[in-house]
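> Mind looking over this structure? Questions follow.
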Amino acid sequence: MFGVGRLIVGTSGSPGSLNALRYGEVLARAHDAVLIPVIAWELPGGDRAQRIGPSYELGKACRELACRELRDALIAVWGEVPDDPLVQPHVERGPAGWVLVNLACRPDDVLVVGAGRRGGLGRLVFSKVGRYCLAHAQCPVMAIPPPALACELALGRLGRVFWRRSLTPEQVLGDQGKPAA
C-alpha cells in the first residue's frame with residue numbers, strides 16, 4: 001500500500017473488530033498514518049423511535065454507552081486509552097457501514113473491518129457491515145478475519161458458554177435467595 005494517510009477501523013468490541021484494530025495499529029505505524037477507531041451507534045428502534053417520541057436523554061445515553069464501548073475496546077487492545085495524537089477515536093451516530101464509508105472519504109484512506117465469524121455460510125458471506133463497506137467504499141477496504149481462538153470457541157464445547165442469552169427476571173429473583181459462594 002502506498003500513500004496511506006488515515007486508517008479508519010470499525011470497532012464494536014467483538015473479537016473480529018479487536019483483531020482489526022490490532023492490525024490497523026500495525027499498518028498505521030508502518031505508514032506513519034493516523035489511526036481512527038470508529039464506533040457507530042443508533043437509537044433503539046432506529047430513527048422511527050425518534051420520530052414517535054424525540055428524546056434528548058435517550059440519545060445522550062446511547063452516545064455515552066457507545067463512548068464506553070469504544071473506550072473498553074481500546075483498553076482491551078492496548079491496556080489503556082492511547083494518548084497519541086496519531087490515534088483519534090471517533091463516535092458517530094448512524095448505521096455502522098454507512099458511518100464507516102462516509103468517514104473513509106479521502107483518496108489516501110484505508111478502511112479496516114472485521115470479517116465476522118467463519119462457518120458454513122460465513123465462508124461465503126461475511127459480516128453485514130463488511131459487505132456494505134465493500135460495496136460502497138471509495139477507498140481500499142481490508143477485511144481482517146477473527147482471531148483463531150474466537151473460531152475455536154464458536155466451534156467447540158465452550159462456544160455454548162459464550163452465547164449471548166437473555167437473563168430472565170425469574171433467574172435474577174431465583175439467585176437472590178441463594179447464599180453467596
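Scheme for the C-alpha cells: letters A, B, ... for chains in order shown; per-chain residue numbers from 1; ligand numbers from 1 in order shown.
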I'd like the neighbourhood of Cys105 in chain A as a list in words, where a residue qualifies if any of its atoms comes within 8 Å (using only C-alpha atoms), though same-chain residues fewer than 3 positions away should be ignored.

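So the residues in contact are Val101, Asn102, Asp109, Ala137, Gln138 and Cys139 of chain A.
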
> Which residue gives the smallest distance to Val91 in chain A among A:Ile39, A:Cys62, A:Leu18, A:Val4, with only C-alpha atoms counted?

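Residue with the minimum atom-to-atom distance to Val91 in chain A: A:Ile39.
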
> Given the choices A:Gly24, A:Pro37, A:Pro44, A:Gly13, which gets closest to Ala61 in chain A if the distance is worked out from only C-alpha atoms?

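The answer is A:Pro44, which sits nearest to Ala61 in chain A.
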
> Considering only C-alpha atoms, return as a list of chain:residue names whatever protein or nucleic-acid residues lie within 12 Å of Leu134 in chain A, sequence-local ones (same chain, fewer than 3 positions apart) excluded.

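Residues near the query, excluding close chain neighbours: A:Gly97, A:Trp98, A:Leu100, A:Val101, A:Ala104, A:Val110, A:Leu111, A:Val112, A:Val113, A:Gly114, A:Ala115, A:Val125, A:Phe126, A:Ser127, A:Lys128, A:Val129, A:Gly130, A:Arg131, A:Ala137, A:Gln138, A:Cys139, A:Pro140, A:Val141, A:Met142, A:Ala143.
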
> Grab the residues selected above and save them as an mmCIF file, in the first residue's frame with N, CA, C and O atoms.


```cif
data_model
loop_
_atom_site.group_PDB
_atom_site.id
_atom_site.type_symbol
_atom_site.label_atom_id
_atom_site.label_comp_id
_atom_site.auth_asym_id
_atom_site.auth_seq_id
_atom_site.Cartn_x
_atom_site.Cartn_y
_atom_site.Cartn_z
ATOM 1 N N GLY A 97 -22.017 0.541 8.830
ATOM 2 C CA GLY A 97 -21.451 0.567 7.483
ATOM 3 C C GLY A 97 -21.481 1.954 6.869
ATOM 4 O O GLY A 97 -20.497 2.420 6.290
ATOM 5 N N TRP A 98 -22.603 2.615 7.001
ATOM 6 C CA TRP A 98 -22.763 3.969 6.449
ATOM 7 C C TRP A 98 -21.787 4.942 7.098
ATOM 8 O O TRP A 98 -21.145 5.747 6.413
ATOM 9 N N LEU A 100 -18.889 4.268 8.572
ATOM 10 C CA LEU A 100 -17.512 3.971 8.160
ATOM 11 C C LEU A 100 -17.225 4.438 6.742
ATOM 12 O O LEU A 100 -16.186 5.052 6.475
ATOM 13 N N VAL A 101 -18.136 4.172 5.825
ATOM 14 C CA VAL A 101 -17.941 4.559 4.428
ATOM 15 C C VAL A 101 -17.900 6.081 4.287
ATOM 16 O O VAL A 101 -17.084 6.621 3.535
ATOM 17 N N ALA A 104 -14.512 7.359 5.692
ATOM 18 C CA ALA A 104 -13.381 6.991 4.834
ATOM 19 C C ALA A 104 -13.613 7.564 3.444
ATOM 20 O O ALA A 104 -13.944 6.848 2.501
ATOM 21 N N VAL A 110 -7.716 4.153 4.195
ATOM 22 C CA VAL A 110 -7.896 2.710 4.115
ATOM 23 C C VAL A 110 -8.893 2.354 5.206
ATOM 24 O O VAL A 110 -8.758 2.783 6.350
ATOM 25 N N LEU A 111 -9.895 1.585 4.844
ATOM 26 C CA LEU A 111 -10.939 1.172 5.777
ATOM 27 C C LEU A 111 -10.659 -0.262 6.207
ATOM 28 O O LEU A 111 -10.473 -1.144 5.367
ATOM 29 N N VAL A 112 -10.606 -0.491 7.525
ATOM 30 C CA VAL A 112 -10.309 -1.811 8.068
ATOM 31 C C VAL A 112 -11.519 -2.276 8.874
ATOM 32 O O VAL A 112 -11.966 -1.570 9.777
ATOM 33 N N VAL A 113 -12.039 -3.453 8.538
ATOM 34 C CA VAL A 113 -13.197 -4.003 9.239
ATOM 35 C C VAL A 113 -12.923 -5.460 9.596
ATOM 36 O O VAL A 113 -12.111 -6.123 8.953
ATOM 37 N N GLY A 114 -13.612 -5.933 10.623
ATOM 38 C CA GLY A 114 -13.551 -7.349 10.959
ATOM 39 C C GLY A 114 -14.386 -8.129 9.958
ATOM 40 O O GLY A 114 -15.448 -7.679 9.533
ATOM 41 N N ALA A 115 -13.901 -9.314 9.586
ATOM 42 C CA ALA A 115 -14.594 -10.104 8.570
ATOM 43 C C ALA A 115 -15.767 -10.885 9.132
ATOM 44 O O ALA A 115 -16.510 -11.498 8.388
ATOM 45 N N VAL A 125 -20.197 -15.466 2.847
ATOM 46 C CA VAL A 125 -20.599 -14.082 3.077
ATOM 47 C C VAL A 125 -20.174 -13.694 4.482
ATOM 48 O O VAL A 125 -20.507 -14.374 5.427
ATOM 49 N N PHE A 126 -19.432 -12.583 4.631
ATOM 50 C CA PHE A 126 -19.063 -12.177 5.975
ATOM 51 C C PHE A 126 -19.984 -11.094 6.482
ATOM 52 O O PHE A 126 -21.066 -10.898 5.958
ATOM 53 N N SER A 127 -19.599 -10.420 7.497
ATOM 54 C CA SER A 127 -20.492 -9.531 8.226
ATOM 55 C C SER A 127 -21.238 -8.533 7.342
ATOM 56 O O SER A 127 -20.760 -8.110 6.295
ATOM 57 N N LYS A 128 -22.406 -8.178 7.807
ATOM 58 C CA LYS A 128 -23.255 -7.220 7.097
ATOM 59 C C LYS A 128 -22.534 -5.886 6.925
ATOM 60 O O LYS A 128 -22.590 -5.275 5.849
ATOM 61 N N VAL A 129 -21.831 -5.442 7.959
ATOM 62 C CA VAL A 129 -21.088 -4.178 7.882
ATOM 63 C C VAL A 129 -19.974 -4.298 6.847
ATOM 64 O O VAL A 129 -19.781 -3.405 6.021
ATOM 65 N N GLY A 130 -19.246 -5.396 6.882
ATOM 66 C CA GLY A 130 -18.171 -5.606 5.923
ATOM 67 C C GLY A 130 -18.669 -5.625 4.488
ATOM 68 O O GLY A 130 -18.054 -5.046 3.593
ATOM 69 N N ARG A 131 -19.789 -6.302 4.253
ATOM 70 C CA ARG A 131 -20.369 -6.340 2.901
ATOM 71 C C ARG A 131 -20.751 -4.939 2.445
ATOM 72 O O ARG A 131 -20.515 -4.557 1.302
ATOM 73 N N ALA A 137 -17.638 1.642 -0.352
ATOM 74 C CA ALA A 137 -16.457 2.458 -0.044
ATOM 75 C C ALA A 137 -15.754 2.931 -1.307
ATOM 76 O O ALA A 137 -15.705 2.212 -2.309
ATOM 77 N N GLN A 138 -15.209 4.132 -1.249
ATOM 78 C CA GLN A 138 -14.460 4.706 -2.356
ATOM 79 C C GLN A 138 -12.961 4.610 -2.113
ATOM 80 O O GLN A 138 -12.176 5.279 -2.768
ATOM 81 N N CYS A 139 -12.561 3.788 -1.121
ATOM 82 C CA CYS A 139 -11.158 3.599 -0.781
ATOM 83 C C CYS A 139 -10.924 2.104 -0.593
ATOM 84 O O CYS A 139 -11.879 1.327 -0.550
ATOM 85 N N PRO A 140 -9.675 1.680 -0.461
ATOM 86 C CA PRO A 140 -9.423 0.254 -0.200
ATOM 87 C C PRO A 140 -10.055 -0.190 1.118
ATOM 88 O O PRO A 140 -10.065 0.550 2.097
ATOM 89 N N VAL A 141 -10.591 -1.411 1.121
ATOM 90 C CA VAL A 141 -11.199 -1.995 2.321
ATOM 91 C C VAL A 141 -10.452 -3.280 2.639
ATOM 92 O O VAL A 141 -10.272 -4.126 1.767
ATOM 93 N N MET A 142 -10.025 -3.402 3.900
ATOM 94 C CA MET A 142 -9.360 -4.624 4.350
ATOM 95 C C MET A 142 -10.286 -5.317 5.334
ATOM 96 O O MET A 142 -10.725 -4.709 6.309
ATOM 97 N N ALA A 143 -10.576 -6.587 5.079
ATOM 98 C CA ALA A 143 -11.412 -7.388 5.970
ATOM 99 C C ALA A 143 -10.502 -8.349 6.725
ATOM 100 O O ALA A 143 -9.895 -9.232 6.136
#
```

> Just how far from CA of Glu42 in chain A is CA of Leu58 in chain A, in Å to one decimal?

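Pair CA of Leu58 in chain A / CA of Glu42 in chain A returns 10.4 Å.
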